[in-house]
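**Q** Structure in structure tokens, see below.
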Amino acid sequence: MDRTTAVHSDPEGVYRVLSSLERPCHLVRAGGGAGMCHVPPRGAEVLATAGAMPPERLGSSGFLRRYGVRLPYMAGAMAGGIAGTRLVTALSRAGVLAAFGAAGLPEARIDAALGELARDVGGGPYACNLLHSPVAPHLERIVVDLCLRHRVRCVEASAFVRLTPELVRYRLTGLRRDRTGRVCAEHLVIGKVSREETAEMFLRPAPEALVRVLRDQGRVTAEQAELARAVPMADAVTAEADSGGHTDRRPLAVLLPTLARVRARVAGEYGDAVPPVHLGAAGGIGSPHAVAGAFALGADYVVTGSVNQAAVEADTSAAVKRLLAGAGIADCVMAPAADMFEQGVQVQVLGRGTMFPARAGLLHRLYHEHGGLDDLPDTERRRLEERVLRRPLDRVWQDTAAYLKEHHPDWLARAERDPKHRMAMVFRWYLGMTSRWAVTGAPDRAGDWQVWCGPAMGAFNAWTAGTALAAPAGREAAVVAEHLMRGAAYQTRTGHLRATGARIPASVAEYRLPAAPVG
């Protein structure tokens with residue numbers, strides 16, 4: 001019998017047929033028994049069929065074309081350069097879009113990184129993160145200037161609650177008409193959102209008032225200002241659900257369909273006047289089932305985050321990667337955020353293996369109970385200096401004041417006259433340093449490490465347990481992406497077969513990862 005028509009009823013043979021995703025598969029009855037094959041033999045009764053399901057067929061083919069990628073998969077930015085050039089380059093060379101984590105980095109380091117990516121990746125797919133900075137808008141200008149200098153074709157816009165001149169400038173300076181008169185957007189924007197109103201501002205063209213100001217200032221041309229009416233602000237919008245770091249912790253099963261309805265409504269208003277916007281899914285993407293579920297909900301692409309922080313190429317310490325590789329789905333907690341501490345905003349972090357959440361929570365309580373550092377009771381002051389800051393408060397203030405004098409002199413002036421604000425700046429020093437200590441793996445501050453992490457990390461660890469991807473050394477970012485996507489395609493295939501009434505034995509119900517190396 002031809003191998004393509006061979007009917008397999010043993011578990012290993014059935015799995016080989018099901019996992020050959022590039023070929024169709026059939027459940028047939030032949031010779032008195034049932035089995036799986038790629039091509040039904042003559043005379044066999046076909047009971048169920050599933051077409052070829054290569055991973056690139058999941059999601060939107062338009063996303064693949066627009067971003068020049070092989071898979072409808074993106075590695076989102078991780079701040080502080082954790083998603084660094086090694087990670088971005090490795091994924092780009094594998095045909096996967098990844099965003100460089102520029103947030104929180106000094107200008108010189110961003111400049112060097114984007115220059116390196118331009119040399120090493122060239123025309124390959126990659127993006128740079130652009131973080132909304134309402135209290136320091138010059139930081140947005142720095143990143144946009146560097147992206148324009150190094151001809152970065154795509155930015156991932158994060159945490160925007162309103163459109164800013166710099167984001168609009170980036171979008172508009174890439175607008176032109178091709179030879180047929182069609183408007184082309186050479187600067188791609190991916191907006192990461194968790195609210196309907198935020199998604200809507202990315203789905204519409206840039207506000208005319210903002211475009212007019214940029215035109216009058218000479219920051220965009222009259223032609224670019226005119227063309228702005230013909231394109232939405234973003235080419236893709238990512239629905240960010242329960243993710244690490246800043247998150248609204250919205251369920252993806254609620255958020256994604258809601259944003260899909262917003263997209264459909266806005267698209268109905270414009271018709272063919274503006275190009276379609278892709279919709280992605282982020283938050284909780286840590287297993288093939290989650291990836292398959294996101295595509296079943298209607299996602300055009302998926303975005304991973306936490307799982308990449310434990311990848312070989314991630315620019316964080318080996319000790320943090322080991323902590324992440326041991327995390328469970330319940331090991332994430334919320335803690336005060338450094339950048340919006342006074343407003344009570346929180347970030348999702350790893351709670352296992354570090355005292356950071358408890359210590360950050362102490363700072364939050366003291367800030368809200370006292371008017372300034374001088375108002376702290378002696379017992380609380382000693383506790384702060386000995387167990388948390390591990391240095392005198394006066395010394396922390398000196399270091400903080402020196403930083404503010406160079407970078408934010410207006411904040412320093414306010415802190416010198418406002419004891420409450422001075423307290424916030426001192427506490428922010430600790431919150432800001434804890435993430436740096438984690439990245440560098442500072443052993444004397446291991447109890448203070450702030451590690452941004454969502455429950456997807458625990459799901460990934462549970463899925464990879466006992467396999468070649470269990471240890472951080474086996475987690476190359478491109479390998480992780482490939483297995484998540486192939487696993488999702490496998491689960492989608494078996495789901496299609498179940499929907500036709502086929503019974504999938506438990507022995508072949510799950511996609512199999514490579515076995516862990518012996519010894």
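Every chain in the structure tokens takes a letter, A first, then B, and so on in the order presented; its residues are numbered from 1, and the ligands are numbered from 1 following the presented order.
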Mind listing the alpha helix (DSSP H) residues of region 94-290 of chain A, per DSSP on the backbone, as a PyMOL selection string?
**A** chain A and resi 107-120+138-149+165-172+196-203+208-216+222-227+252-270+288-290
**Q** Which residues are close to Ala260 (chain A), i.e. within 12 Å by only C-alpha atoms, leaving aside same-chain residues fewer than 3 positions away? Reply as a ChimeraX atom specification.
**A** /A:195-196,199-200,203,236-239,252-257,263-267,276-281,297-300
**Q** Would you write out those residues with N, CA, C and O atoms, as a CSV table (one decimal), in the first residue's frame?
**A**
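Saved the output as part06.csv:
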chain,number,residue,atom,x,y,z
A,195,ARG,N,-9.3,49.0,26.1
A,195,ARG,CA,-10.5,49.7,26.2
A,195,ARG,C,-11.1,50.0,24.8
A,195,ARG,O,-10.4,50.3,23.9
A,196,GLU,N,-12.4,50.0,24.8
A,196,GLU,CA,-13.1,50.3,23.5
A,196,GLU,C,-12.8,51.7,22.9
A,196,GLU,O,-12.5,51.8,21.7
A,199,ALA,N,-9.3,51.8,21.5
A,199,ALA,CA,-9.2,51.1,20.2
A,199,ALA,C,-9.8,52.0,19.1
A,199,ALA,O,-9.2,52.1,18.0
A,200,GLU,N,-10.9,52.7,19.4
A,200,GLU,CA,-11.5,53.5,18.4
A,200,GLU,C,-10.7,54.6,17.9
A,200,GLU,O,-10.7,54.9,16.7
A,203,LEU,N,-8.5,53.2,15.3
A,203,LEU,CA,-9.2,52.7,14.1
A,203,LEU,C,-9.6,53.8,13.2
A,203,LEU,O,-9.9,53.5,12.0
A,236,ALA,N,-2.9,47.9,12.8
A,236,ALA,CA,-3.3,46.7,13.6
A,236,ALA,C,-3.5,47.2,15.1
A,236,ALA,O,-2.9,48.1,15.5
A,237,VAL,N,-4.5,46.6,15.7
A,237,VAL,CA,-4.8,46.9,17.1
A,237,VAL,C,-4.8,45.6,17.9
A,237,VAL,O,-5.4,44.6,17.6
A,238,THR,N,-4.0,45.6,18.9
A,238,THR,CA,-3.8,44.4,19.8
A,238,THR,C,-4.7,44.6,21.0
A,238,THR,O,-4.6,45.5,21.8
A,239,ALA,N,-5.6,43.6,21.2
A,239,ALA,CA,-6.4,43.5,22.5
A,239,ALA,C,-5.5,43.0,23.6
A,239,ALA,O,-5.2,41.8,23.6
A,252,LEU,N,-9.7,37.8,27.9
A,252,LEU,CA,-9.6,37.9,26.4
A,252,LEU,C,-10.9,37.5,25.7
A,252,LEU,O,-11.3,38.1,24.7
A,253,ALA,N,-11.6,36.5,26.3
A,253,ALA,CA,-12.9,36.1,25.7
A,253,ALA,C,-13.9,37.2,25.7
A,253,ALA,O,-14.9,37.1,24.9
A,254,VAL,N,-13.8,38.2,26.5
A,254,VAL,CA,-14.7,39.3,26.6
A,254,VAL,C,-14.2,40.5,25.7
A,254,VAL,O,-14.9,41.1,24.9
A,255,LEU,N,-12.9,40.8,25.9
A,255,LEU,CA,-12.3,41.9,25.3
A,255,LEU,C,-12.2,41.8,23.7
A,255,LEU,O,-12.6,42.7,23.0
A,256,LEU,N,-11.7,40.7,23.2
A,256,LEU,CA,-11.5,40.6,21.8
A,256,LEU,C,-12.8,40.7,21.0
A,256,LEU,O,-12.8,41.5,20.0
A,257,PRO,N,-13.9,40.0,21.3
A,257,PRO,CA,-15.1,40.1,20.5
A,257,PRO,C,-15.7,41.6,20.7
A,257,PRO,O,-16.2,42.1,19.7
A,263,ARG,N,-14.4,47.5,15.8
A,263,ARG,CA,-13.8,47.6,14.5
A,263,ARG,C,-14.8,47.5,13.3
A,263,ARG,O,-14.7,48.3,12.4
A,264,ALA,N,-15.8,46.6,13.5
A,264,ALA,CA,-16.8,46.5,12.4
A,264,ALA,C,-17.6,47.8,12.3
A,264,ALA,O,-18.0,48.2,11.2
A,265,ARG,N,-18.0,48.4,13.4
A,265,ARG,CA,-18.8,49.6,13.4
A,265,ARG,C,-18.0,50.7,12.7
A,265,ARG,O,-18.6,51.4,11.9
A,266,VAL,N,-16.8,50.9,13.1
A,266,VAL,CA,-16.0,52.0,12.5
A,266,VAL,C,-15.7,51.8,11.1
A,266,VAL,O,-15.8,52.7,10.2
A,267,ALA,N,-15.4,50.5,10.7
A,267,ALA,CA,-15.2,50.2,9.3
A,267,ALA,C,-16.4,50.5,8.5
A,267,ALA,O,-16.4,50.9,7.3
A,276,PRO,N,-8.4,48.2,5.9
A,276,PRO,CA,-8.9,47.4,7.1
A,276,PRO,C,-7.8,47.4,8.1
A,276,PRO,O,-6.6,47.5,7.8
A,277,VAL,N,-8.2,47.3,9.4
A,277,VAL,CA,-7.2,47.2,10.5
A,277,VAL,C,-7.2,45.8,11.1
A,277,VAL,O,-8.3,45.2,11.3
A,278,HIS,N,-6.1,45.2,11.3
A,278,HIS,CA,-6.0,43.8,11.8
A,278,HIS,C,-6.2,43.9,13.3
A,278,HIS,O,-5.9,44.9,14.0
A,279,LEU,N,-6.7,42.8,13.9
A,279,LEU,CA,-7.0,42.7,15.3
A,279,LEU,C,-6.2,41.6,15.9
A,279,LEU,O,-6.4,40.4,15.5
A,280,GLY,N,-5.4,41.9,16.9
A,280,GLY,CA,-4.6,40.8,17.6
A,280,GLY,C,-5.0,40.5,19.0
A,280,GLY,O,-5.8,41.3,19.6
A,281,ALA,N,-4.5,39.5,19.5
A,281,ALA,CA,-4.8,39.0,20.9
A,281,ALA,C,-3.6,38.9,21.7
A,281,ALA,O,-2.6,38.2,21.3
A,297,LEU,N,-11.5,33.0,18.5
A,297,LEU,CA,-12.3,34.2,18.8
A,297,LEU,C,-12.3,35.2,17.7
A,297,LEU,O,-13.0,36.3,17.8
A,298,GLY,N,-11.4,35.0,16.7
A,298,GLY,CA,-11.4,35.9,15.6
A,298,GLY,C,-10.1,36.8,15.5
A,298,GLY,O,-10.1,37.7,14.7
A,299,ALA,N,-9.1,36.4,16.2
A,299,ALA,CA,-7.8,37.2,16.2
A,299,ALA,C,-7.2,37.0,14.8
A,299,ALA,O,-7.2,35.9,14.2
A,300,ASP,N,-6.6,38.1,14.3
A,300,ASP,CA,-5.8,38.0,13.0
A,300,ASP,C,-4.4,37.6,13.3
A,300,ASP,O,-3.7,37.1,12.5
**Q** Smallest atom-to-atom distance to Lys321 (chain A): which of A:Arg250, A:Arg445, A:Arg16, A:Arg475, using only C-alpha atoms?
**A**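 Under the stated criterion, the closest residue is A:Arg475.
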**Q** With only C-alpha atoms counted and 9 Å as the cut-off, give the residues of region 110-144 of chain A in contact with region 63-81 of chain A, each with its shortest interatomic distance in Å and the pair that gives it, as CSV.
**A**
residue,atom,partner,partner_atom,distance
A:Ile110,CA,A:Gly81,CA,8.7
A:Gly124,CA,A:Gly68,CA,7.5
A:Pro125,CA,A:Gly68,CA,6.2
A:Tyr126,CA,A:Tyr67,CA,8.6
A:Ala127,CA,A:Ala77,CA,8.6
A:Cys128,CA,A:Ala77,CA,7.6
A:Asn129,CA,A:Ala77,CA,6.0
**Q** I need the chosen residues saved as a PDB file, in the first residue's frame, with N, CA, C and O atoms.
**A**
ATOM      1  N   ILE A 110      19.010  53.377  23.057  1.00  0.00           N
ATOM      2  CA  ILE A 110      18.009  53.150  22.013  1.00  0.00           C
ATOM      3  C   ILE A 110      18.626  53.393  20.639  1.00  0.00           C
ATOM      4  O   ILE A 110      18.423  52.621  19.694  1.00  0.00           O
ATOM      5  N   GLY A 124      14.216  42.950   7.166  1.00  0.00           N
ATOM      6  CA  GLY A 124      13.391  41.976   7.862  1.00  0.00           C
ATOM      7  C   GLY A 124      12.388  42.632   8.789  1.00  0.00           C
ATOM      8  O   GLY A 124      12.487  43.828   9.095  1.00  0.00           O
ATOM      9  N   PRO A 125      11.419  41.866   9.267  1.00  0.00           N
ATOM     10  CA  PRO A 125      10.387  42.449  10.125  1.00  0.00           C
ATOM     11  C   PRO A 125      10.870  42.714  11.549  1.00  0.00           C
ATOM     12  O   PRO A 125      11.513  41.862  12.160  1.00  0.00           O
ATOM     13  N   TYR A 126      10.602  43.893  12.061  1.00  0.00           N
ATOM     14  CA  TYR A 126      10.807  44.211  13.468  1.00  0.00           C
ATOM     15  C   TYR A 126      10.110  45.528  13.766  1.00  0.00           C
ATOM     16  O   TYR A 126       9.734  46.265  12.848  1.00  0.00           O
ATOM     17  N   ALA A 127       9.923  45.802  15.041  1.00  0.00           N
ATOM     18  CA  ALA A 127       9.259  47.028  15.477  1.00  0.00           C
ATOM     19  C   ALA A 127      10.008  47.606  16.666  1.00  0.00           C
ATOM     20  O   ALA A 127      10.849  46.939  17.275  1.00  0.00           O
ATOM     21  N   CYS A 128       9.664  48.836  16.985  1.00  0.00           N
ATOM     22  CA  CYS A 128      10.195  49.489  18.189  1.00  0.00           C
ATOM     23  C   CYS A 128       9.017  49.936  19.034  1.00  0.00           C
ATOM     24  O   CYS A 128       8.034  50.456  18.512  1.00  0.00           O
ATOM     25  N   ASN A 129       9.105  49.712  20.326  1.00  0.00           N
ATOM     26  CA  ASN A 129       8.033  50.142  21.222  1.00  0.00           C
ATOM     27  C   ASN A 129       8.053  51.654  21.408  1.00  0.00           C
ATOM     28  O   ASN A 129       9.116  52.260  21.562  1.00  0.00           O
TER      29      ASN A 129
END
**Q** Nearest residue to Leu366 (chain A) out of A:Gln398, A:Ala424, A:Ser19, A:Met233, using only C-alpha atoms?
**A**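 Among A:Gln398, A:Ala424, A:Ser19, A:Met233, it is A:Ala424 that comes nearest to Leu366 (chain A).
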**Q** Which neighbours of Glu140 (chain A) fall inside 9 Å, counting only C-alpha atoms, when residues of the same chain fewer than 2 positions from it are skipped, and could you give them as an NGL selection string?
**A** :A and (130-133 or 136-138 or 142-145 or 164 or 166-167)
**Q** Rank A:Ala459, A:Val274, A:Ala502, A:Leu172 by their smallest atom-to-atom distance to Leu47 (chain A), using only C-alpha atoms, and report the top residue only.
**A**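 Looking only at the distances to Leu47 (chain A), the closest residue turns out to be A:Ala502.
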**Q** In region 149-326 of chain A, what's strand (DSSP E or B) per DSSP? Answer as a PyMOL selection string?
**A** chain A and resi 154-158+175-177+183-185+188-193+236-240+245-246+278-282+301-304
**Q** Grab the CA of Ser317 (chain A) to CA of Ala442 (chain A) distance for me, in Å with one decimal place.
**A** 8.7 Å
**Q** If we count only C-alpha atoms and set the cut-off at 12 Å, which residues sit around region 208-212 of chain A, ignoring sequence neighbours fewer than 6 positions away in its own chain? Please answer as a list in words.
**A**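 Counting only the stated atoms, we get Arg162, Leu163, Thr164, Pro165, Glu166, Leu167, Val168, Arg169, Tyr170, Arg171, Leu172, Thr173, Gly218, Arg219, Val220, Thr221, Ala222, Glu223, Gln224, Ala225, Glu226, Leu227, Ala228, Arg229, Ala230 and Met233 of chain A.
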**Q** Between A:Ala471, A:Ala499, A:Ala330, A:Leu91, which is the closest to Gln348 (chain A) once you count only C-alpha atoms?
**A**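 Of the candidates, the smallest distance to Gln348 (chain A) is held by A:Ala330.
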**Q** Report the distance between CA of Arg352 (chain A) and CA of Ala481 (chain A) in Å, rounded to one decimal place.
**A**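 So the two atoms, CA of Arg352 (chain A) and CA of Ala481 (chain A), lie 25.5 Å apart.
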**Q** Find, counting only C-alpha atoms, the residue in A:Cys37, A:Cys453, A:Ala337, A:Leu484 that gets nearest to Gly286 (chain A).
**A** A:Leu484
**Q** Near region 372-383 of chain A, within 12 Å and counting only C-alpha atoms, which residues show up once chain neighbours fewer than 3 positions away are dropped, as number ranges by chain?
**A** A: 359, 362-363, 365-369, 386-394, 396-397, 415-427
**Q** I want to know what sits within 10 Å of Thr440 (chain A), based on only C-alpha atoms, with residues of the same chain fewer than 6 positions away left out; could you give that as a PyMOL selection string?
**A** chain A and resi 315-320+449
**Q** Contacts of Phe341 (chain A) at 9 Å or less, counting only C-alpha atoms, minus same-chain residues fewer than 2 places along, as a list of chain:residue names?
**A** A:Pro336, A:Ala337, A:Ala338, A:Asp339, A:Gln343, A:Gly344, A:Val345, A:Gln346, A:His364, A:Ala424, A:Phe427, A:Arg428, A:Leu431
